[in-house]
Amino acid sequence: MKLTAEHTFANPEAAARKLVELAKSIEAVQDGRIHIEKVNAPFLYKLKGSGPQFGAGIKYAVEQGWLELHESGTYVRLINAGGETTSALQP
């Protein structure tokens with residue numbers, strides 16, 4: 001039997017916080033848009049998150065009002081795009 005530690009992003013809130021952190025580090029294009037692949041790629045390949053963890057994190061961030069996901073799924077926007085970190089986003 002193999003013992004494994006729970007992955008950091010198994011908790012949707014932890015995944016959402018990391019996604020918001022990644023989104024803040026990316027320069028937005030037209031109208032505050034951040035292309036989803038610029039958040040997705042580092043989450044999946046550098047941080048070794050999974051697709052379901054990414055999906056759960058995005059969903060949680062949208063529900064909390066941290067991110068706005070366009071209906072097409074091609075980009076997100078930070079809700080508080082003024083560069084200010086809200087207390088809800090601080091770890």
# chains A, B, ... in the order shown; residues from 1 in each chain; ligands from 1

call {"tool": "select_by_dssp", "arguments": {"residues": "segment 16-91 of chain A", "states": "alpha helix (DSSP H)", "output": "MDAnalysis selection string"}}
result
chainID A and resid 16:24 36:41 51:64

call {"tool": "residues_around", "arguments": {"residues": "Lys38 of chain A", "least_positions_apart": "6", "cutoff": "9 Å", "atoms": "only C-alpha atoms", "output": "ChimeraX atom specification"}}
result
/A:22-23,26

call {"tool": "closest_residue", "arguments": {"among": "A:Ile36, A:Ala15, A:His7, A:Asp31", "to": "Phe54 of chain A", "atoms": "only C-alpha atoms"}}
result
A:Ala15

call {"tool": "select_by_dssp", "arguments": {"residues": "segment 4-65 of chain A", "states": "strand (DSSP E or B)", "output": "ChimeraX atom specification"}}
result
/A:29,33-35

call {"tool": "write_last_selection", "arguments": {"atoms": "N, CA and C atoms", "output": "short mmCIF file (atom, residue, chain, number, x, y, z; two decimals), in the first residue's frame"}}
result
data_model
loop_
_atom_site.label_atom_id
_atom_site.label_comp_id
_atom_site.auth_asym_id
_atom_site.auth_seq_id
_atom_site.Cartn_x
_atom_site.Cartn_y
_atom_site.Cartn_z
N VAL A 29 -4.66 42.25 -20.93
CA VAL A 29 -4.77 42.86 -22.25
C VAL A 29 -6.03 43.72 -22.27
N ARG A 33 -8.69 41.89 -19.58
CA ARG A 33 -8.77 40.45 -19.86
C ARG A 33 -7.43 39.76 -19.65
N ILE A 34 -7.51 38.59 -19.07
CA ILE A 34 -6.34 37.73 -18.90
C ILE A 34 -6.69 36.41 -19.58
N HIS A 35 -5.97 36.09 -20.63
CA HIS A 35 -6.26 34.85 -21.36
C HIS A 35 -6.11 33.66 -20.42
#

call {"tool": "residues_around", "arguments": {"residues": "Ser25 of chain A", "least_positions_apart": "4", "cutoff": "12 Å", "atoms": "only C-alpha atoms", "output": "PyMOL selection string"}}
result
chain A and resi 18-21+34+38-39+42+78+81+83

call {"tool": "closest_residue", "arguments": {"among": "A:Ile58, A:Lys48, A:Trp66, A:Glu71", "to": "Lys24 of chain A", "atoms": "only C-alpha atoms"}}
result
A:Trp66

call {"tool": "residues_around", "arguments": {"residues": "segment 12-14 of chain A", "least_positions_apart": "2", "cutoff": "6 Å", "atoms": "only C-alpha atoms", "output": "PyMOL selection string"}}
result
chain A and resi 9+16-17+56-57

call {"tool": "atom_distance", "arguments": {"atom1": "atom CA of Asn11 of chain A", "atom2": "atom CA of Gly32 of chain A"}}
result
27.3 Å

call {"tool": "closest_residue", "arguments": {"among": "A:Thr8, A:Pro52, A:Leu44, A:Gly65", "to": "Arg77 of chain A", "atoms": "only C-alpha atoms"}}
result
A:Gly65

call {"tool": "atom_distance", "arguments": {"atom1": "atom CA of Leu69 of chain A", "atom2": "atom CA of Gln30 of chain A"}}
result
14.9 Å
